[in-house]
Structure formats: structure tokens, C-alpha cells
Number of protein chains: 2
Amino acid sequence: MAEENKEELKKKDQEEEVVEELTEEALEDIVEEEVSELDAAVAKAEEWENKFLRISAEIQNIQRRANEERTSILKYRSQDLAKKILPSLDNLERALAVEGLTEDVKKGLEMTRESLINALKEEGVTEVKADGAFDPNFHMAVQTVPADDEHPADHVVQVFQKGYQIHDRILRPAMVVVAQ
Amino acid sequence: MAEENKEELKKKDQEEEVVEELTEEALEDIVEEEVSELDAAVAKAEEWENKFLRISAEIQNIQRRANEERTSILKYRSQDLAKKILPSLDNLERALAVEGLTEDVKKGLEMTRESLINALKEEGVTEVKADGAFDPNFHMAVQTVPADDEHPADHVVQVFQKGYQIHDRILRPAMVVVAQ
């Protein structure tokens with residue numbers, strides 16, 4: 001124990017000596033060292049601040065993109081079910097075209113068709129216009145006929161199967177006959 | 001001009017004098033000052049680093065929440081259109097129940113009904129089970145009858161109108177007669 005204490009005292013003396021021995025030059029060195037450490041710390045603070053600002057901007061981008069995606073998903077949310085319902089609507093319209101239906105059956109089918117069309121309309125699904133110029137974005141030409149006075153070239157002459165769109169997005173094109 | 005230069009030289013001399021006059025004590029003061037500036041800069045760097053780490057964690061929360069919301073919207077996306085289609089399905093089933101339909105009409109209605117049910121099923125819409133115990137989460141009691149050997153109490157006796165659900169979420173309850 002005594003040995004150890006002695007050792008410690010010796011050490012302390014040496015340290016004090018070092019402090020006393022500090023010359024003006026040594027102090028200047030320390031100042032210089034501190035200044036460079038300070039510069040480094042300031043640079044580090046700036047670096048983290050910049051990282052923070054960049055990530056803040058990134059958060060706004062992420063939220064904006066998520067909102068845009070949400071809006072788009074909601075806008076077109078009914079497109080899958082709507083697409084799958086179209087054959088039922090076709091079937092109904094074919095059934096309505098059958099000759100010799102009783103008034104009751106006809107009324108029932110008509111009501112069903114109307115309610116189906118209204119349900120689709122409320123979800124933004126509408127029939128594709130097919131009574132003017134041929135538009136490959138909305139029409140599929142399944143047959144062509146020669147143009148005449150009544151039917152100018154590149155115009156729809158007849159609709160084989162109705163097309164449907166949800167808002168601006170096509171669900172299926174109208175199958176048409178085109179004058180050429 | 002000459003006057004100004006003289007002034008500048010004088011200033012410079014004074015500055016140099018100040019530097020030369022720096023005593024050990026003054027240098028120690030500077031060291032102390034630098035050290036406190038350094039502490040401040042280090043604290044600032046830590047502060048921005050912590051802010052950065054917090055906001056990074058927040059980004060993960062935001063993305064997780066956005067994903068959860070997206071998943072939920074997608075899972076139930078067809079619920080609005082499905083709900084609006086149910087009356088058409090009711091109409092079809094009522095039409096199918098009419099007596100004296102020709103075989104052709106019956107077939108057409110049956111096909112329409114099947115394709116509608118399949119479209120709904122593909123989007124996660126199924127009929128609510130209503131052949132066992134009465135469950136207020138899925139059934140709406142519109143009438144009660146006395147329980148007997150065939151129909152124990154709190155069990156569904158008859159379904160007036162079918163109920164439908166999309167995945168685990170009810171679209172409309174089944175309207176039922178309950179034994180009591």
C-alpha cells in the first residue's frame with residue numbers, strides 16, 4: 001500500500017511539473033489544437049444538420065408520394081370488380097333481346113340492368129362513346145366496311161360489344177365496325 | 001491614398017503588438033474560451049445527430065403506416081361497388097323465382113347470376129352464413145318464432161334476405177327469423 005501511494009505521489013509531481021513547464025509556445029500549440037478540434041466539431045454539427053434537413057425534405061416526398069398513390073388507388077378502386085361484372089351486364093342485355101319475354105320478366109331484367117349500370121356509374125364506370133370518329137384508344141375494329149355518304153372513312157359504323165371505362169382509364173374497348 | 005496606407009500600417013503594428021503581448025495567462029484564457037466553444041459545438045453536433053436519428057425512426061413509422069393503409073384500402077377496395085351491386089343480385093334472384101319462365105330465359109338469368117356471384121367472390125365477397133346460431137354481428141332479426149325441437153332457441157329459422165361480407169367486414173347483415 002505504502003509503495004503504491006508513493007508511486008502515485010511521484011506521478012502527480014510529474015504531472016504538475018508538466019503543467020508548470022508549459023511554455024508560451026506549448027500553449028499556442030494547445031490553442032491551435034483546440035481550434036482544429038472546434039473546426040471539426042462545427043463541421044460535424046453542420047453535417048448532421050444538413051443530413052437532418054435532407055431527410056426532412058425526403059419525408060415530405062414520401063408523404064406526397066403516399067398521398068398520390070392513395071388517391072389513385074381510391075379513384076380506380078372499383079376497376080377490378082367492374083371489369084368482372086361487365087360479362088353479367090352483357091348477359092343481361094342479351095337476355096333482354098330475346099323475343100317473347102313476358103312483361104314481368106322484361107321488367108325484372110330491365111330493373112336489374114338499370115341498377116347494375118347505376119352502381120357502376122356511381123363508381124365512375126361509364127360506357128365508351130362509339131358514335132363518331134374511330135379512336136384506337138377506345139375502340140377495337142373487328143370489321144371494316146367501305147365508307148359511303150352516311151359513313152365517312154375512319155368513323156364507327158356499328159358497335160358489336162359496348163366498351164367501358166372507369167374515369168379516364170379504359171376497362172375494355174368497344175368492339176366496332178369501321179368505315180374505310 | 002498615402003494617408004490611408006499609413007493608417008493601415010499603424011493598425012497592423014498595433015495588432016502584432018497585441019499578439020506579442022499575449023501572456024501565458026491570456027493564452028490560458030483563450031484555451032478556456034476555445035474549450036467552451038468546442039463543448040458547445042460538440043453539443044450542437046450531438047443535438048442534430050439525435051434529431052436526425054429521431055426523424056429517421058419517424059420515416060420508418062410513416063412508411064409502415066402508409067403500407068398498412070394501402071393494404072387495407074386494397075383489401076376492401078371493392079366494398080362500395082359490391083354493396084351497390086347487391087340489389088341487382090336480389091332482383092335477379094327474384095326474377096328467377098317467377099313461375100313460368102321459358103328454359104332460355106331461365107338459363108340466361110342463371111348465367112348472369114352465376115357470373116355476378118363469381119365476380120364478387122373473386123373480390124372477396126361471400127354470402128353470410130345463416131344456418132346456425134344467431135349472431136348479431138352477421139344477422140338482423142326481423143321476426144321471432146317460438147323455439148321447438150327442430151329449431152333451438154337463438155338459432156336462425158329462415159333467411160328473408162341474404163347477407164354479404166367482404167373478407168371479414170360485413171356489407172349487409174342477413175335478415176332472418178330467429179327461434180326464441
# chains A, B, ... in the order shown; residues from 1 in each chain; ligands from 1
>>> calpha_fit_rmsd(fixed="chain A", moving="chain B")
0.6 Å
>>> interface_residues(of="chain B", to="chain A", cutoff="8 Å", atoms="only C-alpha atoms", output="PyMOL selection string")
chain B and resi 23-24+27-28+30-31+34-35+37-38+41-42+44-46+48-49+51-52+55-56+59+62-63+66+70+73-74+77-78+80-82+84-85+87-89+91-92+95+98+101+105+108-109+111-113+115-116+119-120+123
>>> atom_distance(atom1="CA of Val178 in chain A", atom2="CA of Gln161 in chain A")
13.4 Å
>>> select_by_dssp(residues="range 11-165 of chain A", states="helix (DSSP H, G or I)", output="PyMOL selection string")
chain A and resi 11-20+24-75+79-96+103-122
>>> atom_distance(atom1="CA of Pro136 in chain A", atom2="CA of Phe160 in chain A")
15.4 Å
>>> atom_distance(atom1="CA of Ser72 in chain B", atom2="CA of Asp135 in chain B")
25.0 Å
